[in-house]
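File shown here: model.txt, holding compact mmCIF, C-alpha atoms.
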```
# COMPACT_ATOMS: atom_id res chain seq x y z
CA MET A 684 -8.42 -9.05 -20.52
CA GLU A 685 -10.20 -6.97 -17.88
CA PHE A 686 -10.45 -10.04 -15.64
CA MET A 687 -6.71 -10.74 -15.98
CA GLU A 688 -5.86 -7.14 -15.12
CA ARG A 689 -8.11 -7.16 -12.05
CA LEU A 690 -6.69 -10.51 -10.93
CA ASN A 691 -3.15 -9.24 -11.45
CA ARG A 692 -3.85 -6.04 -9.53
CA MET A 693 -5.40 -8.00 -6.65
CA LEU A 694 -2.54 -10.54 -6.52
CA ASN A 695 0.10 -7.80 -6.60
CA GLN A 696 -1.66 -5.90 -3.81
CA TRP A 697 -1.89 -9.01 -1.63
CA LEU A 698 1.72 -9.90 -2.23
CA LEU A 699 2.75 -6.33 -1.50
CA VAL A 700 0.94 -6.38 1.85
CA ILE A 701 2.44 -9.76 2.78
CA GLY A 702 5.85 -8.56 1.60
CA GLY A 703 5.49 -5.44 3.75
CA ALA A 704 4.71 -7.58 6.77
CA ALA A 705 7.75 -9.72 5.96
CA VAL A 706 9.93 -6.57 5.80
CA LEU A 707 8.67 -5.51 9.23
CA ALA A 708 9.36 -8.99 10.62
CA LEU A 709 12.80 -9.00 9.01
CA MET A 710 13.68 -5.58 10.44
CA THR A 711 12.36 -6.50 13.89
CA LEU A 712 14.30 -9.75 13.87
CA ALA A 713 17.54 -8.13 12.66
CA THR A 714 17.25 -5.24 15.12
CA GLY A 715 16.39 -7.55 18.00
CA ASN A 716 19.32 -9.78 17.15
CA VAL A 717 21.71 -6.80 17.15
CA LEU A 718 20.38 -5.65 20.53
CA LEU A 719 20.63 -9.14 21.98
CA ARG A 720 24.23 -9.41 20.71
CA ILE A 721 25.13 -6.39 22.83
CA PHE A 722 24.15 -8.44 25.88
CA GLY A 723 25.88 -11.55 24.58
CA MET A 724 22.64 -13.39 23.75
CA PRO A 725 22.24 -13.39 19.94
CA PHE A 726 19.15 -15.00 18.50
CA ARG A 727 20.02 -18.45 17.17
CA GLY A 728 18.96 -18.81 13.55
CA ALA A 729 18.47 -15.13 12.83
CA TYR A 730 20.52 -15.39 9.65
CA GLU A 731 18.27 -18.18 8.34
CA LEU A 732 15.05 -16.34 9.06
CA VAL A 733 16.33 -13.06 7.65
CA SER A 734 17.38 -14.91 4.48
CA PHE A 735 13.99 -16.61 4.09
CA LEU A 736 12.09 -13.39 4.73
CA GLY A 737 14.36 -11.47 2.36
CA ALA A 738 13.62 -13.97 -0.41
CA VAL A 739 9.88 -13.56 0.17
CA VAL A 740 10.10 -9.76 0.21
CA THR A 741 12.06 -9.68 -3.03
CA ALA A 742 9.89 -12.22 -4.85
CA PHE A 743 6.62 -10.62 -3.76
CA ALA A 744 7.71 -7.21 -5.06
CA LEU A 745 8.56 -8.41 -8.58
CA GLY A 746 5.10 -8.22 -10.16
CA TYR A 747 4.25 -4.88 -8.57
CA THR A 748 7.57 -3.42 -9.68
CA GLN A 749 6.95 -4.56 -13.25
CA LYS A 750 3.37 -3.28 -13.28
CA ARG A 751 4.40 0.16 -12.06
CA LYS A 752 7.46 0.18 -14.37
CA PHE A 753 9.75 0.87 -11.41
CA ASN A 754 12.49 -1.27 -12.93
CA ILE A 755 15.47 0.15 -14.76
CA VAL A 756 14.96 0.59 -18.50
CA VAL A 757 17.84 1.46 -20.75
CA ASP A 758 16.22 3.00 -23.79
CA ILE A 759 19.01 5.14 -25.22
CA LEU A 760 18.78 3.30 -28.53
CA SER A 761 15.08 2.46 -28.62
CA ASP A 762 14.05 6.09 -28.09
CA LYS A 763 15.33 6.77 -31.60
CA PHE A 764 13.01 4.18 -33.18
CA PRO A 765 9.56 4.91 -34.60
CA PRO A 766 6.66 4.13 -32.20
CA ASP A 767 5.64 0.94 -34.04
CA VAL A 768 9.17 -0.49 -33.94
CA LYS A 769 9.53 0.49 -30.27
CA ARG A 770 6.20 -1.18 -29.46
CA PHE A 771 7.28 -4.31 -31.33
CA LEU A 772 10.58 -4.45 -29.44
CA ASP A 773 8.75 -3.90 -26.14
CA GLY A 774 6.47 -6.79 -27.06
CA VAL A 775 9.44 -9.03 -27.83
CA GLY A 776 11.01 -8.09 -24.52
CA TYR A 777 7.79 -8.80 -22.62
CA LEU A 778 7.41 -12.16 -24.37
CA ILE A 779 11.00 -13.21 -23.61
CA GLY A 780 10.58 -12.11 -19.98
CA LEU A 781 7.23 -13.90 -19.73
CA LEU A 782 8.65 -17.17 -21.02
CA PHE A 783 11.80 -16.92 -18.90
CA PHE A 784 10.07 -16.09 -15.63
CA ALA A 785 7.32 -18.66 -16.22
CA VAL A 786 10.05 -21.30 -16.53
CA VAL A 787 11.79 -19.89 -13.42
CA ALA A 788 8.51 -20.11 -11.46
CA TRP A 789 7.95 -23.69 -12.65
CA VAL A 790 11.50 -24.84 -11.80
CA ILE A 791 11.35 -23.24 -8.34
CA LEU A 792 7.94 -24.83 -7.73
CA GLN A 793 9.35 -28.25 -8.68
CA TRP A 794 12.31 -27.66 -6.37
CA GLY A 795 9.93 -26.76 -3.53
CA LEU A 796 7.93 -29.93 -4.14
CA ARG A 797 11.12 -32.02 -3.97
CA ILE A 798 12.13 -30.32 -0.72
CA ALA A 799 8.65 -30.90 0.74
CA ALA A 800 8.67 -34.56 -0.28
CA SER A 801 12.13 -35.16 1.19
CA GLY A 802 11.28 -33.51 4.51
CA GLU A 803 14.38 -31.33 4.32
CA VAL A 804 14.68 -28.71 7.06
CA SER A 805 16.86 -25.64 7.60
CA GLU A 806 20.31 -26.17 9.04
CA THR A 807 20.16 -24.14 12.25
CA LEU A 808 16.51 -23.93 13.32
CA LYS A 809 15.42 -27.25 11.77
CA ILE A 810 12.24 -25.71 10.33
CA VAL A 811 10.64 -26.74 7.06
CA TYR A 812 11.47 -24.07 4.54
CA TYR A 813 9.66 -25.24 1.43
CA PRO A 814 6.83 -22.73 2.08
CA PHE A 815 9.36 -19.96 1.51
CA VAL A 816 10.40 -21.63 -1.75
CA PHE A 817 6.73 -21.78 -2.79
CA CYS A 818 6.42 -18.07 -2.00
CA VAL A 819 9.34 -17.31 -4.31
CA ALA A 820 7.75 -19.43 -7.05
CA LEU A 821 4.48 -17.52 -6.57
CA GLY A 822 6.30 -14.21 -6.86
CA PHE A 823 7.85 -15.24 -10.17
CA ALA A 824 4.50 -16.60 -11.41
CA VAL A 825 2.81 -13.27 -10.68
CA LEU A 826 5.67 -11.51 -12.48
CA ALA A 827 5.06 -13.78 -15.48
CA LEU A 828 1.33 -12.91 -15.37
CA THR A 829 2.18 -9.21 -15.26
CA LEU A 830 4.49 -9.61 -18.24
CA ALA A 831 1.77 -11.53 -20.11
CA ILE A 832 -0.64 -8.63 -19.57
CA ASP A 833 2.03 -6.16 -20.70
CA TRP A 834 2.72 -8.29 -23.77
CA ILE A 835 -0.97 -8.44 -24.71
CA GLY A 836 -1.14 -4.70 -24.08
CA THR A 837 1.45 -4.04 -26.79
CA PHE A 838 -1.05 -5.32 -29.37
CA ARG A 839 -3.78 -3.04 -28.02
CA LYS A 840 -1.74 0.20 -28.12
CA LYS A 841 -1.87 1.12 -31.80
CA GLY A 842 0.30 4.20 -32.23
CA ALA A 843 1.12 4.50 -28.52
CA ASN A 844 4.59 5.37 -27.19
```

When written as structure tokens, how does the structure in this file appear?
Amino acid sequence: MEFMERLNRMLNQWLLVIGGAAVLALMTLATGNVLLRIFGMPFRGAYELVSFLGAVVTAFALGYTQKRKFNIVVDILSDKFPPDVKRFLDGVGYLIGLLFFAVVAWVILQWGLRIAASGEVSETLKIVYYPFVFCVALGFAVLALTLAIDWIGTFRKKGAN
């Protein structure tokens, strides 16, 4: 378990750094495009690149957000339950999320492989975009790993919550 937690922490940190760089690139690109539009010279393909980078930023933040519990939790009802019932329900939620996002990661990976095999390129810039699809699949896979660790953690927290 310690190995999985260290691996998860390391992966989330790497993805966070890469996601931060993607945010900077996205902001620079969007700002530069706005400035160039003032002079009548917009950057061709800015919308495509901003979309690709936005997908990477979002996907790479998923695992970190889950690990830090920065997501929205509606626990109006579950706060009334005894700690063991609440822990059980948390475990069920983690398991459902784990299974769902593992399937999402797998399906997106398969889609990326099909795009790579077909040689499909983006519409405006004609660049291969399957690496961005793989990045999104990686983000969901790391989220699934984070949820797996959280799920296992519900069995280790006797009397917690």

What does the distance from CA of Phe784 (chain A) to CA of Ala827 (chain A) come to in Å, to one decimal?
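Going from CA of Phe784 (chain A) over to CA of Ala827 (chain A) covers 5.5 Å.
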
Which residues, written as an MDAnalysis selection string, have at least one atom at most 12 Å from region 766-775 of chain A, with all atoms listed in the file counted and residues fewer than 3 positions away on the same chain left out?
chainID A and resid 756:763 778:782 830:844

Nearest residue to Ala738 (chain A) from the set A:Ala788, A:Leu694, A:Leu699, A:Val816 (distances using all atoms listed in the file)
A:Val816

Which of these residues is nearest to Met710 (chain A), using all atoms listed in the file: A:Met724, A:Leu690, A:Val790, A:Ala729?
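Checking each candidate against Met710 (chain A), we get A:Ala729 as the closest.
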
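Of the listed residues A:Gly802, A:Pro814, A:Gly776, A:Gly746, the one whose atoms come nearest to Trp697 (chain A) is A:Gly746, with distances taken using all atoms listed in the file.
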
Separation of CA of Gly737 (chain A) from CA of Leu712 (chain A), in Å and rounded to one decimal
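The value is 11.6 Å.
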